[in-house]
Amino acid sequence: MSSTSIVNCRYFDAEQKEVQQGTVQYTDGLITHVGNSNDQPSSEHTIDAGNHLLLPGLIDCYARLREPGFEKAATIASETLAAAKNGITTLFCSPDTDPIIDEPGTVELIKRRAAAAIGVKVLPIGALTSGLAGEHLSEMQILFDSGCIAFSNGDNPISDNQVLRRVMEYSAGFNLHLIIAPQDPWLSGGVAHEGSVSLRLGMPGIPSAAETVALSQLIELCYQTGAKVHFSRLSTQRGVNLVSQAKKDNIAVTADVGIDHLFLTEMDTSDFNSFCHASPPFRSYQDREALREGIASGVLDAICSNHAPHELDAKLLPFAESQPGLSSLDSFTGLLFKLSEETDISVQTLIERVTAGPARCFGLPQGKIEVGAPADLCIIDAESDWEFSPDNMLSSGKNNPYAGWDFRGQVELTVVNGKTIYTTSS
Amino acid sequence: MTNTQDSGAHLAIKKPDTMKSHQSDIQLTESGEIKHFLTIEGLKRERLVEILDTAESFVGVNDKAAKKVPLLRGKTVANLFFENSTRTRTTFELAAKRLSADVLNINVNVSAVTKGETLLDTLRNLQAMQCDMFVVRHSSSGAAHFIASHVEPHIGVINAGDGQHSHPTQAVLDMFAIRRNKGDFANLKVVIVGDILHSRVARSQIHALNILGCGNITAVGPKTLLPQQMQELGVHVRHDLDDALVGADVVIGLRLQKERMRSALLSTEDEYYRSFGLTERRMQLAKPDAIVMHPGPTNRGVEIEASVADGPQSIILEQVTGGIAVRMAIMSITMGNIERSLAEAHAKPEARS
């Protein structure tokens with residue numbers, strides 16, 4: 001029995017009320033006491049949080065780690081380091097590796113690599129169709145038993161609606177979670193949001209309808225099949241509206257948005273900056289405001305990183321020829337706290353969307369500070385100002401556009417299952 | 001809560017979050033003069049007029065028996081064509097040679113790229129060969145910007161067409177032809193007809209006409225090739241050519257790519273010609289002294305009737321001739337500005353830190 005107390009911390013309790021001068025104790029990987037400092041239990045180790053915020057470890061429900069297969073771009077070790085520095089203790093990794101996560105051997109390999117790395121909980125997302133080809137069902141039940149948290153076709157939309165219906169029916173029978181980025185394959189052939197900027201720059205556009213057409217079909221199929229679908233990485237105002245309506249209709253859907261889509265818009269592509277070439281594309285200001293509104297209201301349950309590390313050569317190309325995606329883990333928490341500065345969304349709400357929110361979507365026990373929950377925690381100095389620099393990134397992918405941005409809020413300590421995996425104090 | 005119109009209302013933005021790394025305007029020197037010629041958009045009127053006036057002075061050179069001036073003597077111009085072109089490459093080559101430069105023609109399609117060399121590698125190799133200017137054509141929008149942002153400071157980049165984005169030298173030579181035939185732009189009605197959506201020429205023309213103060217710019221085409229939002233470029237969007245042509249002083253046809261039929265943007269060539277072809281009958285709706293222009297090469301019987309392309313109102317060949325003088329002007333102005341800004345930077349090194 002080894003117990004640790006984090007004393008002198010602020011945290012949000014189950015009713016989202018802020019507790020001052022709190023103490024949280026954990027023993028053998030589980031939280032064993034939550035309360036104020038007056039009734040402090042005895043512990044072998046004590047960590048003084050200096051009245052900074054103690055949060056549940058963050059949960060990132062969509063990131064690309066590139067391993068196995070694309071280790072030149074990134075590895076599980078490098079990317080989980082960046083995650084730990086940002087307070088992320090649970091991370092879902094996408095199935096679009098090589099080999100693809102469509103058989104248990106690959107799941108096993110990822111689990112071993114993650115265990116040998118810094119200690120972030122890496123939960124593989126299994127392929128929804130074999131080889132992500134959109135034709136045959138993957139062995140979802142076997143993959144689930146081997147450790148897959150959910151199933152997705154990654155960035156490859158399934159174009160055959162009959163196949164889509166079947167995977168949804170099949171997964172519903174086993175009560176499995178699906179993660180689907182709504183994207184009509186025929187409408188999404190462009191490289192930038194179809195709007196005033198793409199028309200001005202002559203870049204092939206992806207209309208908002210690429211998302212909403214797919215989303216409308218998916219919602220109808222959810223209604224028909226009862227599948228548990230989490231819509232991943234929404235980008236449009238009308239997409240948020242469709243999810244809102246589906247929830248009102250009691251269809252079992254949840255949704256997230258990538259952190260960068262809460263900041264960047266089509267305007268950021270107006271100088272052909274390939275670092276802002278993303279999938280889905282950064283859309284209009286109005287879309288971004290609707291996404292922020294969706295986070296505020298809870299129509300969007302979660303914020304994910306949509307992390308996509310690339311070798312620089314993949315970005316040192318004219319915009320349309322560069323690979324889409326941003327290396328987002330290193331700026332994740334900085335942007336999250338920036339959102340609380342730039343909008344009226346409360347810190348509590350934002351934290352919920354990266355902890356209890358995603359935990360609820362996928363039935364995870366973590367994501368809350370409660371007796372009996374896993375001791376996945378992080379301490380953040382929410383008042384610490386810092387300037388983002390690509391030189392300080394831990395991710396192998398340096399394709400990040402925020403060089404020079406002022407951020408507030410730095411993670412000081414990250415704990416997974418009671419074990420400190422990252423700390424700024426020596 | 002997620003209602004559409006006023007959703008942003010209570011999420012007040014406290015400060016603008018523009019990107020700090022954003023480069024201001026990579027085609028200008030610190031003192032605001034053109035060093036790369038990448039796009040018409042954002043250029044000041046006097047810069048365009050300077051180019052047109054300089055081109056006018058080169059017209060005389062081109063009419064002489066010995067057609068050379070020594071402005072780029074000792075300089076090496078590399079024509080980097082990642083996309084096929086005969087006319088544009090040839091006029092750039094002629095322009096460079098008439099300025100006494102050495103010219104390298106590099107058809108990148110069939111050389112480096114097929115061997116797996118990246119665009120940046122190709123550029124670095126040419127820099128190592130001490131080229132002074134790159135004339136670039138590429139199928140990707142923004143390619144010229146990309147190249148300009150990665151070359152050494154003594155090298156000038158001229159965009160000879162990038163994807164569907166910009167073809168600024170073509171637009172300037174079109175303005176040159178219009179000015180020579182019509183004089184002032186203020187009272188002109190200019191009609192651009194065709195595939196505006198995919199046309200880098202049309203985008204550059206629209207910017208140039210706006211900067212030069214053209215009174216009425218009207219774009220005409222089927223809705224699939226001319227989205228309503230194009231009006232944000234500063235152009236009237238119309239879908240009926242007969243209506244649009246009434247009172248036109250300048251009529252510009254655009255080349256129609258055959259692949260537009262295959263990608264379900266158009267039905268047939270025949271229907272396109274009926275709806276948007278520049279025919280003799282239609283040209284009677286324009287002003288009697290209207291001129292007809294086309295960036296070439298023309299698809300006769302698809303976007304333009306042969307008798308219009310060859311007729312008295314057509315200045316299509318005059319555009320080509322003027323193109324050499326215009327490109328001479330752009331090359332000599334940009335090279336001069338680069339040399340001047342490097343000399344100034346050299347003269348006061350403390351000012352750079």
# chains A, B, ... in the order shown; residues from 1 in each chain; ligands from 1
call {"tool": "residues_around", "arguments": {"residues": "B:His167", "least_positions_apart": "4", "cutoff": "12 Å", "atoms": "only C-alpha atoms", "output": "PDB file with C-alpha atoms, in the first residue's frame"}}
result
ATOM      1  CA  LEU A 201      -7.121  31.530 -54.137  1.00  0.00           C
ATOM      2  CA  GLY A 202      -8.360  29.073 -56.746  1.00  0.00           C
TER       3      GLY A 202
ATOM      4  CA  PHE B  37       5.526  38.928 -59.243  1.00  0.00           C
ATOM      5  CA  LEU B  38       3.153  36.356 -57.790  1.00  0.00           C
ATOM      6  CA  THR B  39      -0.322  37.827 -57.857  1.00  0.00           C
ATOM      7  CA  ILE B  40      -2.118  40.978 -58.889  1.00  0.00           C
ATOM      8  CA  GLU B  41      -4.171  40.961 -55.711  1.00  0.00           C
ATOM      9  CA  THR B  88       3.791  31.543 -72.258  1.00  0.00           C
ATOM     10  CA  VAL B 135       9.780  31.935 -64.024  1.00  0.00           C
ATOM     11  CA  VAL B 136       7.431  29.316 -62.627  1.00  0.00           C
ATOM     12  CA  ARG B 137       4.386  27.540 -63.918  1.00  0.00           C
ATOM     13  CA  HIS B 138       2.861  24.864 -61.710  1.00  0.00           C
ATOM     14  CA  SER B 139      -0.432  23.026 -61.503  1.00  0.00           C
ATOM     15  CA  SER B 141      -2.443  27.016 -56.551  1.00  0.00           C
ATOM     16  CA  GLY B 142       0.097  28.774 -54.346  1.00  0.00           C
ATOM     17  CA  ALA B 143       3.129  27.041 -55.860  1.00  0.00           C
ATOM     18  CA  ALA B 144       4.756  30.332 -56.844  1.00  0.00           C
ATOM     19  CA  ILE B 158       7.730  35.392 -61.559  1.00  0.00           C
ATOM     20  CA  ASN B 159       4.486  33.461 -61.514  1.00  0.00           C
ATOM     21  CA  ALA B 160       3.698  32.170 -64.990  1.00  0.00           C
ATOM     22  CA  GLY B 161       0.510  30.513 -63.738  1.00  0.00           C
ATOM     23  CA  ASP B 162      -0.173  28.551 -60.543  1.00  0.00           C
ATOM     24  CA  GLY B 163      -3.089  26.132 -60.507  1.00  0.00           C
ATOM     25  CA  ALA B 171      -3.549  39.852 -66.733  1.00  0.00           C
ATOM     26  CA  VAL B 172      -1.086  42.715 -67.125  1.00  0.00           C
ATOM     27  CA  LEU B 173      -0.674  42.058 -70.836  1.00  0.00           C
ATOM     28  CA  ASP B 174      -4.463  42.036 -71.136  1.00  0.00           C
ATOM     29  CA  HIS B 198     -11.132  27.215 -62.738  1.00  0.00           C
ATOM     30  CA  SER B 199      -9.461  30.183 -64.397  1.00  0.00           C
ATOM     31  CA  ARG B 200      -6.336  31.762 -62.959  1.00  0.00           C
ATOM     32  CA  VAL B 201      -6.462  34.195 -65.866  1.00  0.00           C
ATOM     33  CA  ALA B 202      -9.933  35.434 -64.932  1.00  0.00           C
ATOM     34  CA  ARG B 203      -9.020  35.856 -61.253  1.00  0.00           C
ATOM     35  CA  SER B 204      -5.983  37.933 -62.148  1.00  0.00           C
ATOM     36  CA  GLN B 205      -7.917  39.966 -64.714  1.00  0.00           C
ATOM     37  CA  ILE B 206     -10.632  40.763 -62.196  1.00  0.00           C
ATOM     38  CA  HIS B 207      -8.073  41.964 -59.620  1.00  0.00           C
ATOM     39  CA  ALA B 208      -6.244  44.040 -62.238  1.00  0.00           C
ATOM     40  CA  PRO B 295      -5.717  34.361 -73.543  1.00  0.00           C
TER      41      PRO B 295
END
call {"tool": "select_by_dssp", "arguments": {"residues": "stretch 138-285 of chain B", "states": "alpha helix (DSSP H)", "output": "PyMOL selection string"}}
result
chain B and resi 143-148+168-182+200-211+241-245+259-262+269-276+280-283
call {"tool": "residues_around", "arguments": {"residues": "stretch 344-356 of chain A", "least_positions_apart": "3", "cutoff": "8 Å", "atoms": "only C-alpha atoms", "output": "compact mmCIF listing (two decimals) with C-alpha atoms, in the first residue's frame"}}
result
# COMPACT_ATOMS: atom_id res chain seq x y z
CA PHE A 12 -14.01 20.87 -9.40
CA GLN A 16 -18.79 21.22 -10.88
CA LEU A 55 -7.80 18.09 -12.90
CA PRO A 56 -8.67 14.58 -13.92
CA GLY A 57 -6.14 13.48 -16.52
CA LEU A 58 -7.30 14.63 -19.94
CA ILE A 59 -8.78 12.15 -22.42
CA ASP A 60 -8.00 12.65 -26.09
CA ILE A 295 -18.88 23.04 -26.83
CA ALA A 296 -20.58 25.55 -24.53
CA ASP A 301 -19.48 16.23 -25.90
CA ALA A 302 -15.75 16.28 -26.33
CA ILE A 303 -12.72 18.06 -27.76
CA CYS A 304 -10.11 15.82 -29.34
CA LEU A 336 -7.85 24.80 -24.23
CA PHE A 337 -7.10 27.48 -21.65
CA LEU A 339 -10.47 29.22 -25.23
CA SER A 340 -11.54 30.13 -21.71
CA GLU A 341 -9.89 33.52 -22.18
CA ALA A 359 -15.31 9.27 -20.64
CA ARG A 360 -19.11 9.31 -20.77
CA GLN A 366 -11.55 7.72 -15.59
CA GLY A 367 -12.13 11.42 -16.20
CA LYS A 368 -13.33 12.41 -12.73
CA HIS B 10 -22.82 35.76 -26.48
CA LEU B 11 -19.43 34.21 -27.12
CA ALA B 12 -17.65 37.51 -27.21
call {"tool": "closest_residue", "arguments": {"among": "A:Arg200, A:Arg233, A:Lys248, A:Lys419", "to": "chain B", "atoms": "only C-alpha atoms"}}
result
A:Arg200
call {"tool": "atom_distance", "arguments": {"atom1": "atom CA of B:Arg87", "atom2": "atom CA of B:Leu278"}}
result
22.5 Å
call {"tool": "residues_around", "arguments": {"residues": "A:Ser395", "least_positions_apart": "2", "cutoff": "6 Å", "atoms": "only C-alpha atoms", "output": "compact mmCIF listing (two decimals) with C-alpha atoms, in the first residue's frame"}}
result
# COMPACT_ATOMS: atom_id res chain seq x y z
CA SER A 78 7.45 10.45 -28.84
CA GLU A 79 3.77 11.31 -29.07
CA ALA A 82 3.89 15.27 -25.80
CA MET A 393 7.62 20.60 -29.11
CA GLY A 397 5.73 16.20 -36.01
call {"tool": "interface_residues", "arguments": {"of": "chain A", "to": "chain B", "cutoff": "8 Å", "atoms": "only C-alpha atoms", "output": "compact mmCIF listing (two decimals) with C-alpha atoms, in the first residue's frame"}}
result
# COMPACT_ATOMS: atom_id res chain seq x y z
CA GLY A 195 -15.92 29.56 -49.53
CA SER A 196 -14.63 33.02 -50.23
CA LEU A 199 -12.62 30.85 -54.49
CA ARG A 200 -10.20 33.76 -54.26
CA LEU A 201 -7.12 31.53 -54.14
CA GLY A 202 -8.36 29.07 -56.75
CA MET A 203 -8.08 26.10 -54.42
CA GLN A 237 -22.38 25.00 -38.16
CA ARG A 238 -25.05 22.94 -39.88
CA VAL A 240 -23.62 20.96 -35.11
CA ASN A 241 -27.31 21.67 -35.76
CA SER A 244 -28.30 18.80 -31.81
CA PHE A 263 -9.44 28.51 -33.36
CA ASP A 268 -5.63 31.08 -41.87
CA ASP A 271 -1.47 32.82 -47.42
CA PHE A 272 -1.21 29.19 -48.61
CA GLN A 286 -19.43 31.48 -38.48
CA GLU A 289 -18.42 30.21 -33.61
CA ALA A 290 -21.04 27.46 -33.93
CA ARG A 292 -17.56 26.95 -29.84
CA GLU A 293 -21.27 27.27 -29.11
CA GLY A 294 -21.60 23.49 -29.43
CA SER A 297 -24.00 23.91 -24.82
CA LEU A 316 7.14 21.64 -47.47
CA LEU A 317 5.04 21.57 -50.61
CA PRO A 318 2.50 23.80 -52.30
CA PHE A 319 -0.69 23.77 -50.19
CA ALA A 320 -2.72 21.30 -52.25
CA GLU A 321 0.13 18.83 -52.49
CA GLU A 341 -9.89 33.52 -22.18
CA GLU A 342 -11.34 34.19 -25.62
CA THR A 343 -14.89 33.05 -24.97
CA ASP A 344 -17.44 32.99 -22.19
CA ILE A 345 -17.12 29.22 -21.89
CA PRO A 401 1.08 26.73 -36.97
CA TYR A 402 1.04 28.39 -33.54
CA ALA A 403 4.64 29.62 -33.39
CA GLY A 404 4.63 32.85 -31.39
CA TRP A 405 1.13 32.47 -29.94
call {"tool": "atom_distance", "arguments": {"atom1": "atom CA of B:Gln284", "atom2": "atom CA of B:Leu245"}}
result
8.7 Å
call {"tool": "residues_around", "arguments": {"residues": "stretch 316-321 of chain B", "least_positions_apart": "3", "cutoff": "9 Å", "atoms": "only C-alpha atoms", "output": "CSV table (one decimal) with C-alpha atoms, in the first residue's frame"}}
result
chain,number,residue,atom,x,y,z
B,59,VAL,CA,7.4,48.2,-77.5
B,62,ASN,CA,10.6,45.0,-80.1
B,87,ARG,CA,3.1,30.2,-75.7
B,91,THR,CA,7.2,34.8,-74.7
B,170,GLN,CA,-1.2,37.4,-68.5
B,173,LEU,CA,-0.7,42.1,-70.8
B,174,ASP,CA,-4.5,42.0,-71.1
B,176,PHE,CA,-1.9,46.6,-71.7
B,177,ALA,CA,-3.9,45.7,-74.7
B,292,VAL,CA,-12.6,40.8,-78.3
B,293,MET,CA,-9.8,39.2,-76.3
B,294,HIS,CA,-8.8,35.6,-75.4
B,295,PRO,CA,-5.7,34.4,-73.5
B,296,GLY,CA,-5.4,31.5,-76.1
B,309,ALA,CA,-11.5,35.2,-83.3
B,310,ASP,CA,-10.2,36.3,-86.7
B,324,ILE,CA,6.7,40.2,-74.7
B,325,ALA,CA,7.0,43.9,-73.8
call {"tool": "select_by_dssp", "arguments": {"residues": "stretch 79-226 of chain A", "states": "strand (DSSP E)", "output": "list in words"}}
result
Ile88, Thr89, Thr90, Leu91, Phe92, Cys93, Lys121, Val122, Leu123, Pro124, Ile125, Gly126, Ala127, Ala150, Phe151, Ser152, His177, Leu178, Ile179, Ile180, Ala192, His193, Gly205 and Ile206 of chain A
call {"tool": "write_last_selection", "arguments": {"atoms": "C-alpha atoms", "output": "PDB file, in the first residue's frame"}}
result
ATOM      1  CA  ILE A  88      -3.337  13.883 -21.293  1.00  0.00           C
ATOM      2  CA  THR A  89      -3.477  10.529 -19.514  1.00  0.00           C
ATOM      3  CA  THR A  90      -5.717   8.606 -21.918  1.00  0.00           C
ATOM      4  CA  LEU A  91      -5.366   8.738 -25.646  1.00  0.00           C
ATOM      5  CA  PHE A  92      -7.248   6.906 -28.415  1.00  0.00           C
ATOM      6  CA  CYS A  93      -4.990   6.096 -31.338  1.00  0.00           C
ATOM      7  CA  LYS A 121      -2.969   4.986 -21.446  1.00  0.00           C
ATOM      8  CA  VAL A 122      -3.072   4.322 -25.170  1.00  0.00           C
ATOM      9  CA  LEU A 123      -6.371   2.849 -26.297  1.00  0.00           C
ATOM     10  CA  PRO A 124      -6.332   1.613 -29.883  1.00  0.00           C
ATOM     11  CA  ILE A 125      -9.285   2.307 -32.147  1.00  0.00           C
ATOM     12  CA  GLY A 126      -9.920  -0.766 -34.261  1.00  0.00           C
ATOM     13  CA  ALA A 127     -10.594  -0.668 -37.976  1.00  0.00           C
ATOM     14  CA  ALA A 150     -13.982   1.730 -30.371  1.00  0.00           C
ATOM     15  CA  PHE A 151     -14.074   1.236 -34.125  1.00  0.00           C
ATOM     16  CA  SER A 152     -13.512   3.658 -36.939  1.00  0.00           C
ATOM     17  CA  HIS A 177     -18.754   2.172 -29.945  1.00  0.00           C
ATOM     18  CA  LEU A 178     -18.125   3.571 -33.411  1.00  0.00           C
ATOM     19  CA  ILE A 179     -16.151   6.722 -34.213  1.00  0.00           C
ATOM     20  CA  ILE A 180     -17.094   8.193 -37.561  1.00  0.00           C
ATOM     21  CA  ALA A 192      -9.776  23.756 -48.473  1.00  0.00           C
ATOM     22  CA  HIS A 193     -13.163  24.954 -47.245  1.00  0.00           C
ATOM     23  CA  GLY A 205     -13.054  23.422 -52.316  1.00  0.00           C
ATOM     24  CA  ILE A 206     -14.717  21.022 -49.887  1.00  0.00           C
TER      25      ILE A 206
END
call {"tool": "closest_residue", "arguments": {"among": "B:Leu209, B:Val157, B:Leu225, B:Ala219", "to": "B:Met261", "atoms": "only C-alpha atoms"}}
result
B:Leu225
call {"tool": "atom_distance", "arguments": {"atom1": "atom CA of B:Leu52", "atom2": "atom CA of B:Ser332"}}
result
12.6 Å
call {"tool": "residues_around", "arguments": {"residues": "B:Ala95", "least_positions_apart": "3", "cutoff": "10 Å", "atoms": "only C-alpha atoms", "output": "short mmCIF file (atom, residue, chain, number, x, y, z; two decimals) with C-alpha atoms, in the first residue's frame"}}
result
data_model
loop_
_atom_site.label_atom_id
_atom_site.label_comp_id
_atom_site.auth_asym_id
_atom_site.auth_seq_id
_atom_site.Cartn_x
_atom_site.Cartn_y
_atom_site.Cartn_z
CA PHE B 58 9.81 48.38 -74.57
CA ASN B 62 10.64 45.01 -80.11
CA LYS B 67 15.79 43.78 -80.55
CA LYS B 68 17.98 43.92 -77.45
CA ARG B 89 7.20 29.90 -72.02
CA THR B 90 8.22 31.19 -75.43
CA THR B 91 7.24 34.77 -74.71
CA PHE B 92 9.07 34.68 -71.37
CA ARG B 98 15.69 40.73 -75.38
CA LEU B 99 16.82 41.96 -71.96
CA SER B 100 20.17 40.21 -72.70
CA ALA B 101 19.74 37.53 -70.02
CA VAL B 103 17.83 31.57 -70.37
CA GLY B 323 2.99 40.08 -73.89
CA ILE B 324 6.69 40.24 -74.69
CA ALA B 325 6.99 43.92 -73.77
CA VAL B 326 4.97 43.40 -70.59
CA ARG B 327 7.12 40.49 -69.48
CA MET B 328 10.27 42.48 -70.23
CA ALA B 329 8.91 45.25 -68.04
CA ILE B 330 8.07 42.89 -65.16
CA MET B 331 11.43 41.13 -65.30
CA SER B 332 13.47 44.30 -65.42
#
call {"tool": "residues_around", "arguments": {"residues": "A:Leu187", "least_positions_apart": "4", "cutoff": "12 Å", "atoms": "only C-alpha atoms", "output": "number ranges by chain"}}
result
A: 157, 159, 182-183, 191-194, 204-214, 280
call {"tool": "write_last_selection", "arguments": {"atoms": "C-alpha atoms", "output": "mmCIF file, in the first residue's frame"}}
result
data_model
loop_
_atom_site.group_PDB
_atom_site.id
_atom_site.type_symbol
_atom_site.label_atom_id
_atom_site.label_comp_id
_atom_site.auth_asym_id
_atom_site.auth_seq_id
_atom_site.Cartn_x
_atom_site.Cartn_y
_atom_site.Cartn_z
ATOM 1 C CA PRO A 157 -15.175 7.297 -45.468
ATOM 2 C CA SER A 159 -18.895 5.066 -49.546
ATOM 3 C CA PRO A 182 -18.786 12.369 -41.361
ATOM 4 C CA GLN A 183 -17.435 13.036 -44.813
ATOM 5 C CA VAL A 191 -8.196 20.747 -50.187
ATOM 6 C CA ALA A 192 -9.776 23.756 -48.473
ATOM 7 C CA HIS A 193 -13.163 24.954 -47.245
ATOM 8 C CA GLU A 194 -15.308 25.904 -50.211
ATOM 9 C CA PRO A 204 -10.362 23.093 -54.963
ATOM 10 C CA GLY A 205 -13.054 23.422 -52.316
ATOM 11 C CA ILE A 206 -14.717 21.022 -49.887
ATOM 12 C CA PRO A 207 -18.263 22.293 -49.337
ATOM 13 C CA SER A 208 -19.875 22.188 -45.915
ATOM 14 C CA ALA A 209 -22.329 19.755 -47.488
ATOM 15 C CA ALA A 210 -19.517 17.165 -47.590
ATOM 16 C CA GLU A 211 -20.023 16.916 -43.843
ATOM 17 C CA THR A 212 -23.774 17.482 -43.566
ATOM 18 C CA VAL A 213 -24.778 15.124 -46.376
ATOM 19 C CA ALA A 214 -22.794 12.322 -44.717
ATOM 20 C CA PRO A 280 -11.776 18.410 -42.334
#
call {"tool": "closest_residue", "arguments": {"among": "B:Glu46, B:Asp249, B:Asp270, B:Glu303", "to": "B:Pro288", "atoms": "only C-alpha atoms"}}
result
B:Asp249
call {"tool": "decode", "arguments": {"residues": "stretch 176-192 of chain A", "atoms": "N, CA and C atoms", "output": "short mmCIF file (atom, residue, chain, number, x, y, z; two decimals), in the first residue's frame"}}
result
data_model
loop_
_atom_site.label_atom_id
_atom_site.label_comp_id
_atom_site.auth_asym_id
_atom_site.auth_seq_id
_atom_site.Cartn_x
_atom_site.Cartn_y
_atom_site.Cartn_z
N LEU A 176 -20.91 -2.12 -29.29
CA LEU A 176 -19.59 -1.50 -29.47
C LEU A 176 -19.74 -0.04 -29.90
N HIS A 177 -18.74 0.75 -29.57
CA HIS A 177 -18.75 2.17 -29.94
C HIS A 177 -18.10 2.38 -31.31
N LEU A 178 -18.73 3.21 -32.12
CA LEU A 178 -18.12 3.57 -33.41
C LEU A 178 -17.70 5.05 -33.38
N ILE A 179 -16.60 5.33 -34.06
CA ILE A 179 -16.15 6.72 -34.21
C ILE A 179 -16.15 7.01 -35.71
N ILE A 180 -17.00 7.93 -36.12
CA ILE A 180 -17.09 8.19 -37.56
C ILE A 180 -16.94 9.69 -37.82
N ALA A 181 -15.99 10.01 -38.68
CA ALA A 181 -15.86 11.39 -39.15
C ALA A 181 -16.76 11.54 -40.36
N PRO A 182 -17.84 12.30 -40.24
CA PRO A 182 -18.79 12.37 -41.36
C PRO A 182 -18.20 13.12 -42.55
N GLN A 183 -18.07 12.42 -43.65
CA GLN A 183 -17.44 13.04 -44.81
C GLN A 183 -17.91 12.30 -46.06
N ASP A 184 -18.66 12.98 -46.89
CA ASP A 184 -19.09 12.34 -48.13
C ASP A 184 -17.89 12.22 -49.07
N PRO A 185 -17.57 10.99 -49.50
CA PRO A 185 -16.33 10.83 -50.28
C PRO A 185 -16.38 11.57 -51.61
N TRP A 186 -17.56 11.72 -52.18
CA TRP A 186 -17.64 12.37 -53.49
C TRP A 186 -17.52 13.88 -53.38
N LEU A 187 -17.93 14.42 -52.25
CA LEU A 187 -17.93 15.88 -52.11
C LEU A 187 -16.65 16.40 -51.46
N SER A 188 -15.81 15.49 -50.99
CA SER A 188 -14.66 15.97 -50.23
C SER A 188 -13.35 15.83 -50.99
N GLY A 189 -13.41 16.02 -52.29
CA GLY A 189 -12.19 15.89 -53.09
C GLY A 189 -11.27 17.10 -53.07
N GLY A 190 -11.70 18.19 -52.46
CA GLY A 190 -10.88 19.40 -52.49
C GLY A 190 -9.83 19.43 -51.40
N VAL A 191 -9.26 20.61 -51.19
CA VAL A 191 -8.20 20.75 -50.19
C VAL A 191 -8.47 21.83 -49.16
N ALA A 192 -9.50 22.65 -49.39
CA ALA A 192 -9.78 23.76 -48.47
C ALA A 192 -11.28 23.97 -48.42
#
